[in-house]
Amino acid sequence: MKNFLKIFFTASIFLLICACSSEADKAEQEKRTASAQLEQREIPDTPDYGGKLVLASIGEPSNLIPILASDSASHEVADFIYTSLLKYDKEYNIIPLAAKKFEVLEDGKVFRFELREDVYWQDGVLLTADDVYFTYKLTIDPNTPTPYAADCLRVKEFKQTGKFSFEVYYEEPYARAIITWMMSILPKHILEHEDITKTAFARNPVGAGPYKLKEWQTGTRLVLEANDTYFEGRPYIDQFIYRIIPDVTTIFLEAKAKKVDFLGLTTQQYLLQTKEKEWEEYWQKYKYLSNGYTFIGFNLKHPFFRDKLVRQALSYGTNRDTVIKGALLGLGEKTVGPFKPQTWAYNENLAPYPYDMQKALDLFAKAGWTKGRDGYLQKDGQRFSFTILLNQGNKERENSLLILQAEWKKLGIEMKIRTVEWATFINEFVMKGQYDAVILAWNILEDPDVSSVWHSSAIRQNGLNFVYFKNDEVDMCLEKARSTANREIRKRYYDRFQEILHEEQPYLFLYVPYALPMVQKRFQGIEPAISGITHNMEKWWIPGFLQ
């Protein structure tokens, strides 16, 4: 009897294993069949509604009030929740969105807007010029801790001319005037009696964009749901799900398991880890020079980094080719400033500091730093030792720092690396100036006005000039460049601005990486363009047989 039970039990386990294996095989076969269907079946001419898009973000939004947020995670989500008067098309042309039309008059000193009359907030209230005026006033309110006030402060007068129309007057032509009115519009009827710094609206927003926030599980995910009343038409995909996964390797593994639909690849993943047939069956990869640059920012209040000679020495002691080859596997380009190479504002007359160890040591010596018996640079009995902050989950930046750590040790520098979770990294360290140096990246904007980062007025609470760089000539160049629409004049000022940054080295500009997004092939409607592939995400769709 015991033998029978043993045989029966063993057989049961075998059958259970076979059943589980069978189910797993069935699920995998269904995936492969769906992939084959995509290749063999005719894609409908008319997009289908339904399905979901799962994205991954290494950082969680700090809040969903755009004028308060300085992190990319917040803006990426908020851009789908809110609307604006104007937007960029895929070629970076400015076109109407919530505005029905707009006019630029008197050589750029007057702007006239007429709004659409079919734009509704997600609670059913009509969006009007009152909301635009409210957003403008809130942005320039000195009690609003926003890094984006400078553009609005240039407005001389905001004049409402009707329920759906208004005019804006400037004292003189202002290059960024039109971009000012691309800001996200906020609802007056909800926020006019709220303290913008304490309101629950930051986590429970009501917008007028293509998607609305359905769910926010802190540290886990945000779920956006299609807005049925969106004025440009309901998005095709029912849900965008942002999973908070603070590590790019984990994101990649989740994509391999088909639990993420859209992600940015590291260079190693792009070149080496996605070459197998399975990846080619399910995924489409893209490659283009990104609109962003990676840099090391020095806290200019730190006693080491106040000295320009030290900053220059570190730049001479940085082999950017080695960093790009080692951290990016060659998929990046060196850069000298905050503008994208090959664009009109980029100063082609400047070149990255050449890698020159002896020049670096000479500059350190000139600044009073000489090598001690232990091989480290010393001055007044103090070792040249500092810490660079890195946000959690960014392997390429981590690899960049590991390369620099080894290179700089040859110079006699002890550089430590500290990794911090994204929200804490931004809110508690970077924005409060609690760091020695930091590795970060900025998006490169379509208009080259970077006053919000480099003007001395941006040294304030929640200001983006968190390295505390102040230069009177830079302030003048930025002010003059933004005060004219003449590109030749702007070019001269921006060239001089870049020359000063090149000399002062408040940032050690490292590289512009390639953007390497990967999307599951079942998503249709993707249109690669100068602006990348995300410019029309609300128009992406999934064939019904693949949902």
# chains A, B, ... in the order shown; residues from 1 in each chain; ligands from 1
>>> residues_around(residues="A:Met415", least_positions_apart="6", cutoff="10 Å", atoms="only C-alpha atoms", output="list in words")
Phe384, Ser385, Phe386, Thr387, Ile388, Leu401, Leu402, Leu404, Gln405, Ala406, Trp408, Lys409 and Ala437 of chain A
>>> write_last_selection(atoms="N, CA, C and O atoms", output="CSV table (one decimal), in the first residue's frame")
chain,number,residue,atom,x,y,z
A,384,PHE,N,42.9,66.0,-1.2
A,384,PHE,CA,41.8,66.3,-2.2
A,384,PHE,C,40.9,65.1,-2.3
A,384,PHE,O,41.1,64.2,-3.1
A,385,SER,N,39.9,65.1,-1.4
A,385,SER,CA,38.9,64.0,-1.3
A,385,SER,C,37.5,64.6,-1.3
A,385,SER,O,37.2,65.5,-0.5
A,386,PHE,N,36.7,64.1,-2.2
A,386,PHE,CA,35.3,64.6,-2.2
A,386,PHE,C,34.4,63.4,-2.7
A,386,PHE,O,34.8,62.4,-3.2
A,387,THR,N,33.1,63.7,-2.6
A,387,THR,CA,32.1,62.7,-3.0
A,387,THR,C,31.2,63.2,-4.1
A,387,THR,O,30.7,64.4,-4.1
A,388,ILE,N,31.0,62.4,-5.1
A,388,ILE,CA,30.0,62.7,-6.2
A,388,ILE,C,28.7,61.9,-5.9
A,388,ILE,O,28.7,60.7,-5.7
A,401,LEU,N,31.4,57.2,-13.8
A,401,LEU,CA,32.1,57.7,-12.5
A,401,LEU,C,33.2,56.7,-12.1
A,401,LEU,O,34.2,57.1,-11.6
A,402,LEU,N,32.9,55.4,-12.4
A,402,LEU,CA,33.9,54.4,-12.0
A,402,LEU,C,35.2,54.6,-12.9
A,402,LEU,O,36.3,54.4,-12.4
A,404,LEU,N,36.1,57.5,-14.2
A,404,LEU,CA,36.7,58.8,-13.8
A,404,LEU,C,37.4,58.6,-12.4
A,404,LEU,O,38.5,59.2,-12.2
A,405,GLN,N,36.8,57.7,-11.6
A,405,GLN,CA,37.4,57.5,-10.3
A,405,GLN,C,38.8,56.9,-10.5
A,405,GLN,O,39.8,57.3,-9.8
A,406,ALA,N,39.0,56.0,-11.4
A,406,ALA,CA,40.3,55.4,-11.7
A,406,ALA,C,41.2,56.4,-12.3
A,406,ALA,O,42.4,56.5,-12.0
A,408,TRP,N,41.1,59.7,-12.1
A,408,TRP,CA,41.5,60.8,-11.2
A,408,TRP,C,42.4,60.4,-10.1
A,408,TRP,O,43.1,61.2,-9.5
A,409,LYS,N,42.3,59.1,-9.8
A,409,LYS,CA,43.2,58.6,-8.8
A,409,LYS,C,44.7,58.7,-9.2
A,409,LYS,O,45.6,59.0,-8.4
A,437,ALA,N,29.8,67.3,-5.4
A,437,ALA,CA,29.6,67.3,-6.9
A,437,ALA,C,28.5,66.3,-7.2
A,437,ALA,O,28.2,65.5,-6.4
>>> residues_around(residues="A:Asn143", least_positions_apart="3", cutoff="12 Å", atoms="only C-alpha atoms", output="number ranges by chain")
A: 68, 137-140, 146-147, 149, 195-197, 461-462
>>> write_last_selection(atoms="N, CA, C and O atoms", output="PDB file, in the first residue's frame")
ATOM      1  N   LEU A  68       5.839  73.415 -10.469  1.00  0.00           N
ATOM      2  CA  LEU A  68       6.629  73.131  -9.268  1.00  0.00           C
ATOM      3  C   LEU A  68       7.666  72.048  -9.486  1.00  0.00           C
ATOM      4  O   LEU A  68       8.582  71.899  -8.687  1.00  0.00           O
ATOM      5  N   LYS A 137      -0.649  84.143 -13.455  1.00  0.00           N
ATOM      6  CA  LYS A 137      -0.525  84.866 -12.184  1.00  0.00           C
ATOM      7  C   LYS A 137       0.091  83.984 -11.107  1.00  0.00           C
ATOM      8  O   LYS A 137       0.903  84.450 -10.296  1.00  0.00           O
ATOM      9  N   LEU A 138      -0.285  82.722 -11.084  1.00  0.00           N
ATOM     10  CA  LEU A 138       0.268  81.804 -10.100  1.00  0.00           C
ATOM     11  C   LEU A 138       1.764  81.609 -10.321  1.00  0.00           C
ATOM     12  O   LEU A 138       2.548  81.519  -9.366  1.00  0.00           O
ATOM     13  N   THR A 139       2.179  81.572 -11.574  1.00  0.00           N
ATOM     14  CA  THR A 139       3.586  81.358 -11.902  1.00  0.00           C
ATOM     15  C   THR A 139       4.453  82.527 -11.458  1.00  0.00           C
ATOM     16  O   THR A 139       5.582  82.334 -10.995  1.00  0.00           O
ATOM     17  N   ILE A 140       3.950  83.757 -11.592  1.00  0.00           N
ATOM     18  CA  ILE A 140       4.760  84.925 -11.215  1.00  0.00           C
ATOM     19  C   ILE A 140       4.590  85.310  -9.748  1.00  0.00           C
ATOM     20  O   ILE A 140       5.269  86.219  -9.260  1.00  0.00           O
ATOM     21  N   THR A 146       8.696  78.237  -7.979  1.00  0.00           N
ATOM     22  CA  THR A 146       8.831  77.666  -9.322  1.00  0.00           C
ATOM     23  C   THR A 146      10.113  78.141  -9.991  1.00  0.00           C
ATOM     24  O   THR A 146      10.500  79.306  -9.844  1.00  0.00           O
ATOM     25  N   PRO A 147      10.796  77.273 -10.727  1.00  0.00           N
ATOM     26  CA  PRO A 147      11.965  77.701 -11.501  1.00  0.00           C
ATOM     27  C   PRO A 147      11.599  78.258 -12.874  1.00  0.00           C
ATOM     28  O   PRO A 147      12.485  78.583 -13.658  1.00  0.00           O
ATOM     29  N   ALA A 149       9.470  80.984 -13.615  1.00  0.00           N
ATOM     30  CA  ALA A 149       8.790  82.279 -13.584  1.00  0.00           C
ATOM     31  C   ALA A 149       9.384  83.297 -14.545  1.00  0.00           C
ATOM     32  O   ALA A 149       8.696  84.234 -14.959  1.00  0.00           O
ATOM     33  N   ASP A 195      -3.338  76.487  -1.264  1.00  0.00           N
ATOM     34  CA  ASP A 195      -1.914  76.780  -1.108  1.00  0.00           C
ATOM     35  C   ASP A 195      -1.174  75.834  -2.041  1.00  0.00           C
ATOM     36  O   ASP A 195      -1.144  74.622  -1.824  1.00  0.00           O
ATOM     37  N   ILE A 196      -0.575  76.384  -3.087  1.00  0.00           N
ATOM     38  CA  ILE A 196       0.012  75.562  -4.139  1.00  0.00           C
ATOM     39  C   ILE A 196       1.118  74.645  -3.607  1.00  0.00           C
ATOM     40  O   ILE A 196       1.414  73.602  -4.185  1.00  0.00           O
ATOM     41  N   THR A 197       1.721  75.014  -2.484  1.00  0.00           N
ATOM     42  CA  THR A 197       2.817  74.211  -1.938  1.00  0.00           C
ATOM     43  C   THR A 197       2.327  73.074  -1.045  1.00  0.00           C
ATOM     44  O   THR A 197       3.104  72.192  -0.677  1.00  0.00           O
ATOM     45  N   GLN A 461      15.430  79.223  -3.999  1.00  0.00           N
ATOM     46  CA  GLN A 461      14.733  77.999  -3.594  1.00  0.00           C
ATOM     47  C   GLN A 461      14.106  77.333  -4.814  1.00  0.00           C
ATOM     48  O   GLN A 461      13.376  77.958  -5.576  1.00  0.00           O
ATOM     49  N   ASN A 462      14.393  76.052  -4.988  1.00  0.00           N
ATOM     50  CA  ASN A 462      13.917  75.273  -6.133  1.00  0.00           C
ATOM     51  C   ASN A 462      14.428  75.797  -7.474  1.00  0.00           C
ATOM     52  O   ASN A 462      13.928  75.406  -8.525  1.00  0.00           O
TER      53      ASN A 462
END
>>> residues_around(residues="stretch 239-251 of chain A", least_positions_apart="2", cutoff="6 Å", atoms="only C-alpha atoms", output="ChimeraX atom specification")
/A:52-58,220-225,237,253-254,393
>>> write_last_selection(atoms="N, CA and C atoms", output="PDB file, in the first residue's frame")
ATOM      1  N   LYS A  52      -3.191  48.374 -23.291  1.00  0.00           N
ATOM      2  CA  LYS A  52      -2.430  49.201 -22.357  1.00  0.00           C
ATOM      3  C   LYS A  52      -0.966  49.241 -22.767  1.00  0.00           C
ATOM      4  N   LEU A  53      -0.308  50.296 -22.366  1.00  0.00           N
ATOM      5  CA  LEU A  53       1.118  50.477 -22.615  1.00  0.00           C
ATOM      6  C   LEU A  53       1.806  50.550 -21.260  1.00  0.00           C
ATOM      7  N   VAL A  54       2.723  49.624 -21.005  1.00  0.00           N
ATOM      8  CA  VAL A  54       3.440  49.595 -19.733  1.00  0.00           C
ATOM      9  C   VAL A  54       4.832  50.179 -19.940  1.00  0.00           C
ATOM     10  N   LEU A  55       5.108  51.255 -19.199  1.00  0.00           N
ATOM     11  CA  LEU A  55       6.404  51.915 -19.265  1.00  0.00           C
ATOM     12  C   LEU A  55       7.098  51.735 -17.930  1.00  0.00           C
ATOM     13  N   ALA A  56       8.395  51.993 -17.904  1.00  0.00           N
ATOM     14  CA  ALA A  56       9.144  51.912 -16.649  1.00  0.00           C
ATOM     15  C   ALA A  56       9.892  53.216 -16.428  1.00  0.00           C
ATOM     16  N   SER A  57       9.915  53.663 -15.193  1.00  0.00           N
ATOM     17  CA  SER A  57      10.622  54.881 -14.826  1.00  0.00           C
ATOM     18  C   SER A  57      11.491  54.587 -13.611  1.00  0.00           C
ATOM     19  N   ILE A  58      12.767  55.015 -13.671  1.00  0.00           N
ATOM     20  CA  ILE A  58      13.634  54.773 -12.525  1.00  0.00           C
ATOM     21  C   ILE A  58      13.325  55.742 -11.391  1.00  0.00           C
ATOM     22  N   THR A 220       5.463  52.287  -6.436  1.00  0.00           N
ATOM     23  CA  THR A 220       5.129  51.113  -7.251  1.00  0.00           C
ATOM     24  C   THR A 220       4.732  51.474  -8.678  1.00  0.00           C
ATOM     25  N   ARG A 221       3.649  52.257  -8.824  1.00  0.00           N
ATOM     26  CA  ARG A 221       3.207  52.563 -10.174  1.00  0.00           C
ATOM     27  C   ARG A 221       2.210  53.709 -10.192  1.00  0.00           C
ATOM     28  N   LEU A 222       2.075  54.322 -11.370  1.00  0.00           N
ATOM     29  CA  LEU A 222       1.011  55.272 -11.667  1.00  0.00           C
ATOM     30  C   LEU A 222       0.252  54.746 -12.868  1.00  0.00           C
ATOM     31  N   VAL A 223      -1.063  54.857 -12.815  1.00  0.00           N
ATOM     32  CA  VAL A 223      -1.904  54.408 -13.918  1.00  0.00           C
ATOM     33  C   VAL A 223      -2.631  55.612 -14.497  1.00  0.00           C
ATOM     34  N   LEU A 224      -2.412  55.860 -15.790  1.00  0.00           N
ATOM     35  CA  LEU A 224      -3.136  56.907 -16.501  1.00  0.00           C
ATOM     36  C   LEU A 224      -4.203  56.254 -17.364  1.00  0.00           C
ATOM     37  N   GLU A 225      -5.384  56.853 -17.390  1.00  0.00           N
ATOM     38  CA  GLU A 225      -6.518  56.304 -18.122  1.00  0.00           C
ATOM     39  C   GLU A 225      -6.928  57.285 -19.220  1.00  0.00           C
ATOM     40  N   ILE A 237      -5.091  53.988 -26.942  1.00  0.00           N
ATOM     41  CA  ILE A 237      -4.709  53.043 -25.887  1.00  0.00           C
ATOM     42  C   ILE A 237      -5.418  53.414 -24.589  1.00  0.00           C
ATOM     43  N   LEU A 253      15.132  43.239 -17.461  1.00  0.00           N
ATOM     44  CA  LEU A 253      14.654  41.883 -17.175  1.00  0.00           C
ATOM     45  C   LEU A 253      13.129  41.814 -17.237  1.00  0.00           C
ATOM     46  N   GLU A 254      12.467  42.879 -16.794  1.00  0.00           N
ATOM     47  CA  GLU A 254      11.010  42.929 -16.881  1.00  0.00           C
ATOM     48  C   GLU A 254      10.559  43.018 -18.340  1.00  0.00           C
ATOM     49  N   GLY A 393      20.044  53.606  -9.975  1.00  0.00           N
ATOM     50  CA  GLY A 393      19.460  52.941 -11.131  1.00  0.00           C
ATOM     51  C   GLY A 393      20.019  53.342 -12.475  1.00  0.00           C
TER      52      GLY A 393
END
>>> select_by_dssp(residues="stretch 89-290 of chain A", states="alpha helix (DSSP H)", output="PDB file with N, CA and C atoms, in the first residue's frame")
ATOM      1  N   ALA A 129     -10.146  81.363 -20.908  1.00  0.00           N
ATOM      2  CA  ALA A 129      -9.015  82.274 -20.731  1.00  0.00           C
ATOM      3  C   ALA A 129      -8.770  82.589 -19.262  1.00  0.00           C
ATOM      4  N   ASP A 130      -9.794  82.449 -18.426  1.00  0.00           N
ATOM      5  CA  ASP A 130      -9.603  82.641 -16.982  1.00  0.00           C
ATOM      6  C   ASP A 130      -8.543  81.681 -16.442  1.00  0.00           C
ATOM      7  N   ASP A 131      -8.547  80.452 -16.942  1.00  0.00           N
ATOM      8  CA  ASP A 131      -7.579  79.459 -16.478  1.00  0.00           C
ATOM      9  C   ASP A 131      -6.160  79.820 -16.914  1.00  0.00           C
ATOM     10  N   VAL A 132      -6.030  80.349 -18.116  1.00  0.00           N
ATOM     11  CA  VAL A 132      -4.708  80.754 -18.600  1.00  0.00           C
ATOM     12  C   VAL A 132      -4.177  81.916 -17.756  1.00  0.00           C
ATOM     13  N   TYR A 133      -5.043  82.887 -17.490  1.00  0.00           N
ATOM     14  CA  TYR A 133      -4.633  84.032 -16.668  1.00  0.00           C
ATOM     15  C   TYR A 133      -4.272  83.585 -15.259  1.00  0.00           C
ATOM     16  N   PHE A 134      -5.055  82.672 -14.707  1.00  0.00           N
ATOM     17  CA  PHE A 134      -4.777  82.156 -13.371  1.00  0.00           C
ATOM     18  C   PHE A 134      -3.409  81.475 -13.333  1.00  0.00           C
ATOM     19  N   THR A 135      -3.102  80.663 -14.340  1.00  0.00           N
ATOM     20  CA  THR A 135      -1.819  79.958 -14.388  1.00  0.00           C
ATOM     21  C   THR A 135      -0.670  80.949 -14.478  1.00  0.00           C
ATOM     22  N   TYR A 136      -0.848  81.963 -15.314  1.00  0.00           N
ATOM     23  CA  TYR A 136       0.175  83.010 -15.462  1.00  0.00           C
ATOM     24  C   TYR A 136       0.417  83.735 -14.136  1.00  0.00           C
ATOM     25  N   LYS A 137      -0.649  84.143 -13.455  1.00  0.00           N
ATOM     26  CA  LYS A 137      -0.525  84.866 -12.184  1.00  0.00           C
ATOM     27  C   LYS A 137       0.091  83.984 -11.107  1.00  0.00           C
ATOM     28  N   LEU A 138      -0.285  82.722 -11.084  1.00  0.00           N
ATOM     29  CA  LEU A 138       0.268  81.804 -10.100  1.00  0.00           C
ATOM     30  C   LEU A 138       1.764  81.609 -10.321  1.00  0.00           C
ATOM     31  N   THR A 139       2.179  81.572 -11.574  1.00  0.00           N
ATOM     32  CA  THR A 139       3.586  81.358 -11.902  1.00  0.00           C
ATOM     33  C   THR A 139       4.453  82.527 -11.458  1.00  0.00           C
ATOM     34  N   ILE A 140       3.950  83.757 -11.592  1.00  0.00           N
ATOM     35  CA  ILE A 140       4.760  84.925 -11.215  1.00  0.00           C
ATOM     36  C   ILE A 140       4.590  85.310  -9.748  1.00  0.00           C
ATOM     37  N   ALA A 149       9.470  80.984 -13.615  1.00  0.00           N
ATOM     38  CA  ALA A 149       8.790  82.279 -13.584  1.00  0.00           C
ATOM     39  C   ALA A 149       9.384  83.297 -14.545  1.00  0.00           C
ATOM     40  N   ALA A 150      10.645  83.147 -14.899  1.00  0.00           N
ATOM     41  CA  ALA A 150      11.352  84.197 -15.638  1.00  0.00           C
ATOM     42  C   ALA A 150      10.639  84.604 -16.922  1.00  0.00           C
ATOM     43  N   ASP A 151      10.144  83.636 -17.683  1.00  0.00           N
ATOM     44  CA  ASP A 151       9.469  83.964 -18.939  1.00  0.00           C
ATOM     45  C   ASP A 151       8.210  84.784 -18.696  1.00  0.00           C
ATOM     46  N   CYS A 152       7.421  84.366 -17.726  1.00  0.00           N
ATOM     47  CA  CYS A 152       6.169  85.079 -17.439  1.00  0.00           C
ATOM     48  C   CYS A 152       6.419  86.481 -16.888  1.00  0.00           C
ATOM     49  N   LEU A 153       7.511  86.656 -16.195  1.00  0.00           N
ATOM     50  CA  LEU A 153       7.826  87.965 -15.615  1.00  0.00           C
ATOM     51  C   LEU A 153       8.163  89.002 -16.682  1.00  0.00           C
ATOM     52  N   ALA A 177       9.125  84.488 -25.954  1.00  0.00           N
ATOM     53  CA  ALA A 177       7.747  84.868 -25.637  1.00  0.00           C
ATOM     54  C   ALA A 177       6.751  83.780 -26.044  1.00  0.00           C
ATOM     55  N   ILE A 178       6.893  83.246 -27.227  1.00  0.00           N
ATOM     56  CA  ILE A 178       5.924  82.269 -27.693  1.00  0.00           C
ATOM     57  C   ILE A 178       6.017  80.971 -26.899  1.00  0.00           C
ATOM     58  N   ILE A 179       7.231  80.623 -26.456  1.00  0.00           N
ATOM     59  CA  ILE A 179       7.408  79.400 -25.674  1.00  0.00           C
ATOM     60  C   ILE A 179       6.746  79.517 -24.312  1.00  0.00           C
ATOM     61  N   THR A 180       6.655  80.739 -23.805  1.00  0.00           N
ATOM     62  CA  THR A 180       5.979  80.961 -22.524  1.00  0.00           C
ATOM     63  C   THR A 180       4.583  80.366 -22.529  1.00  0.00           C
ATOM     64  N   LYS A 188      -8.324  76.966 -12.620  1.00  0.00           N
ATOM     65  CA  LYS A 188      -8.610  78.014 -11.627  1.00  0.00           C
ATOM     66  C   LYS A 188      -9.661  77.558 -10.627  1.00  0.00           C
ATOM     67  N   HIS A 189     -10.713  76.885 -11.105  1.00  0.00           N
ATOM     68  CA  HIS A 189     -11.838  76.557 -10.228  1.00  0.00           C
ATOM     69  C   HIS A 189     -11.464  75.581  -9.130  1.00  0.00           C
ATOM     70  N   ILE A 190     -10.328  74.903  -9.271  1.00  0.00           N
ATOM     71  CA  ILE A 190      -9.880  73.964  -8.239  1.00  0.00           C
ATOM     72  C   ILE A 190      -8.794  74.564  -7.355  1.00  0.00           C
ATOM     73  N   LEU A 191      -7.908  75.342  -7.950  1.00  0.00           N
ATOM     74  CA  LEU A 191      -6.711  75.772  -7.233  1.00  0.00           C
ATOM     75  C   LEU A 191      -6.728  77.211  -6.713  1.00  0.00           C
ATOM     76  N   VAL A 248      17.934  50.095 -13.989  1.00  0.00           N
ATOM     77  CA  VAL A 248      17.775  49.825 -15.416  1.00  0.00           C
ATOM     78  C   VAL A 248      17.939  48.343 -15.751  1.00  0.00           C
ATOM     79  N   THR A 249      18.737  47.632 -14.984  1.00  0.00           N
ATOM     80  CA  THR A 249      18.892  46.194 -15.228  1.00  0.00           C
ATOM     81  C   THR A 249      17.595  45.457 -14.938  1.00  0.00           C
ATOM     82  N   THR A 250      16.941  45.833 -13.846  1.00  0.00           N
ATOM     83  CA  THR A 250      15.656  45.221 -13.515  1.00  0.00           C
ATOM     84  C   THR A 250      14.612  45.558 -14.570  1.00  0.00           C
ATOM     85  N   ILE A 251      14.623  46.783 -15.046  1.00  0.00           N
ATOM     86  CA  ILE A 251      13.697  47.169 -16.113  1.00  0.00           C
ATOM     87  C   ILE A 251      13.900  46.273 -17.337  1.00  0.00           C
ATOM     88  N   PHE A 252      15.155  46.042 -17.678  1.00  0.00           N
ATOM     89  CA  PHE A 252      15.466  45.206 -18.836  1.00  0.00           C
ATOM     90  C   PHE A 252      14.949  43.780 -18.638  1.00  0.00           C
ATOM     91  N   LEU A 253      15.132  43.239 -17.461  1.00  0.00           N
ATOM     92  CA  LEU A 253      14.654  41.883 -17.175  1.00  0.00           C
ATOM     93  C   LEU A 253      13.129  41.814 -17.237  1.00  0.00           C
ATOM     94  N   GLU A 254      12.467  42.879 -16.794  1.00  0.00           N
ATOM     95  CA  GLU A 254      11.010  42.929 -16.881  1.00  0.00           C
ATOM     96  C   GLU A 254      10.559  43.018 -18.340  1.00  0.00           C
ATOM     97  N   ALA A 255      11.319  43.718 -19.151  1.00  0.00           N
ATOM     98  CA  ALA A 255      11.005  43.772 -20.583  1.00  0.00           C
ATOM     99  C   ALA A 255      11.187  42.400 -21.219  1.00  0.00           C
ATOM    100  N   LYS A 256      12.241  41.705 -20.836  1.00  0.00           N
ATOM    101  CA  LYS A 256      12.487  40.362 -21.369  1.00  0.00           C
ATOM    102  C   LYS A 256      11.346  39.416 -21.018  1.00  0.00           C
ATOM    103  N   THR A 267      23.575  51.142 -23.631  1.00  0.00           N
ATOM    104  CA  THR A 267      24.338  50.799 -24.840  1.00  0.00           C
ATOM    105  C   THR A 267      24.662  49.309 -24.893  1.00  0.00           C
ATOM    106  N   GLN A 268      24.978  48.715 -23.750  1.00  0.00           N
ATOM    107  CA  GLN A 268      25.278  47.290 -23.717  1.00  0.00           C
ATOM    108  C   GLN A 268      24.054  46.466 -24.091  1.00  0.00           C
ATOM    109  N   LYS A 277      17.098  36.129 -31.708  1.00  0.00           N
ATOM    110  CA  LYS A 277      15.900  36.090 -32.547  1.00  0.00           C
ATOM    111  C   LYS A 277      14.655  36.511 -31.785  1.00  0.00           C
ATOM    112  N   GLU A 278      14.579  36.118 -30.499  1.00  0.00           N
ATOM    113  CA  GLU A 278      13.400  36.435 -29.705  1.00  0.00           C
ATOM    114  C   GLU A 278      13.197  37.945 -29.596  1.00  0.00           C
ATOM    115  N   TRP A 279      14.295  38.672 -29.404  1.00  0.00           N
ATOM    116  CA  TRP A 279      14.177  40.129 -29.326  1.00  0.00           C
ATOM    117  C   TRP A 279      13.715  40.707 -30.662  1.00  0.00           C
ATOM    118  N   GLU A 280      14.255  40.185 -31.745  1.00  0.00           N
ATOM    119  CA  GLU A 280      13.895  40.689 -33.068  1.00  0.00           C
ATOM    120  C   GLU A 280      12.435  40.394 -33.402  1.00  0.00           C
ATOM    121  N   GLU A 281      11.898  39.298 -32.869  1.00  0.00           N
ATOM    122  CA  GLU A 281      10.503  38.936 -33.137  1.00  0.00           C
ATOM    123  C   GLU A 281       9.529  39.912 -32.477  1.00  0.00           C
ATOM    124  N   TYR A 282       9.839  40.285 -31.243  1.00  0.00           N
ATOM    125  CA  TYR A 282       8.870  41.032 -30.443  1.00  0.00           C
ATOM    126  C   TYR A 282       9.121  42.540 -30.395  1.00  0.00           C
TER     127      TYR A 282
END
>>> atom_distance(atom1="atom CA of A:Glu103", atom2="atom CA of A:Trp181")
12.3 Å
>>> closest_atom_pairs(of="stretch 39-137 of chain A", to="stretch 468-491 of chain A", cutoff="12 Å", atoms="only C-alpha atoms", output="Markdown table")
| residue | atom | partner | partner_atom | distance |
| --- | --- | --- | --- | --- |
| A:Val104 | CA | A:Ala485 | CA | 11.9 |
| A:Asp107 | CA | A:Ala485 | CA | 8.9 |
| A:Gly108 | CA | A:Ala485 | CA | 8.0 |
| A:Lys109 | CA | A:Thr484 | CA | 10.4 |
>>> write_last_selection(atoms="all heavy atoms", output="PDB file, in the first residue's frame")
ATOM      1  N   VAL A 104       1.169  86.892 -33.912  1.00  0.00           N
ATOM      2  CA  VAL A 104       2.297  87.640 -33.371  1.00  0.00           C
ATOM      3  C   VAL A 104       2.317  88.988 -34.077  1.00  0.00           C
ATOM      4  O   VAL A 104       2.450  89.054 -35.299  1.00  0.00           O
ATOM      5  CB  VAL A 104       3.621  86.896 -33.595  1.00  0.00           C
ATOM      6  CG1 VAL A 104       4.777  87.681 -32.990  1.00  0.00           C
ATOM      7  CG2 VAL A 104       3.556  85.490 -33.006  1.00  0.00           C
ATOM      8  N   ASP A 107       6.095  93.235 -34.328  1.00  0.00           N
ATOM      9  CA  ASP A 107       7.457  92.696 -34.258  1.00  0.00           C
ATOM     10  C   ASP A 107       7.704  91.857 -33.013  1.00  0.00           C
ATOM     11  O   ASP A 107       8.811  91.828 -32.454  1.00  0.00           O
ATOM     12  CB  ASP A 107       8.483  93.836 -34.324  1.00  0.00           C
ATOM     13  CG  ASP A 107       8.447  94.570 -35.656  1.00  0.00           C
ATOM     14  OD1 ASP A 107       8.216  93.898 -36.685  1.00  0.00           O
ATOM     15  OD2 ASP A 107       8.631  95.800 -35.669  1.00  0.00           O
ATOM     16  N   GLY A 108       6.663  91.184 -32.553  1.00  0.00           N
ATOM     17  CA  GLY A 108       6.832  90.280 -31.421  1.00  0.00           C
ATOM     18  C   GLY A 108       6.543  90.885 -30.067  1.00  0.00           C
ATOM     19  O   GLY A 108       6.756  90.229 -29.040  1.00  0.00           O
ATOM     20  N   LYS A 109       6.004  92.106 -30.037  1.00  0.00           N
ATOM     21  CA  LYS A 109       5.692  92.728 -28.748  1.00  0.00           C
ATOM     22  C   LYS A 109       4.247  92.488 -28.316  1.00  0.00           C
ATOM     23  O   LYS A 109       3.891  92.760 -27.171  1.00  0.00           O
ATOM     24  CB  LYS A 109       5.972  94.227 -28.794  1.00  0.00           C
ATOM     25  CG  LYS A 109       7.454  94.563 -28.892  1.00  0.00           C
ATOM     26  CD  LYS A 109       7.753  96.019 -28.604  1.00  0.00           C
ATOM     27  CE  LYS A 109       7.250  96.928 -29.716  1.00  0.00           C
ATOM     28  NZ  LYS A 109       7.665  98.330 -29.484  1.00  0.00           N
TER      29      LYS A 109
END
>>> closest_residue(among="A:Leu508, A:Leu390, A:Ala98, A:Val168", to="A:Ile185", atoms="only C-alpha atoms")
A:Ala98
>>> closest_residue(among="A:Thr229, A:Tyr493, A:Phe164, A:Pro528", to="A:Asp449", atoms="only C-alpha atoms")
A:Tyr493
>>> closest_residue(among="A:Asn391, A:Lys539, A:Asp71, A:Gly50", to="A:Glu527", atoms="only C-alpha atoms")
A:Lys539
>>> closest_residue(among="A:Gly162, A:Pro354, A:Gly292, A:Pro210", to="A:Pro341", atoms="only C-alpha atoms")
A:Gly292
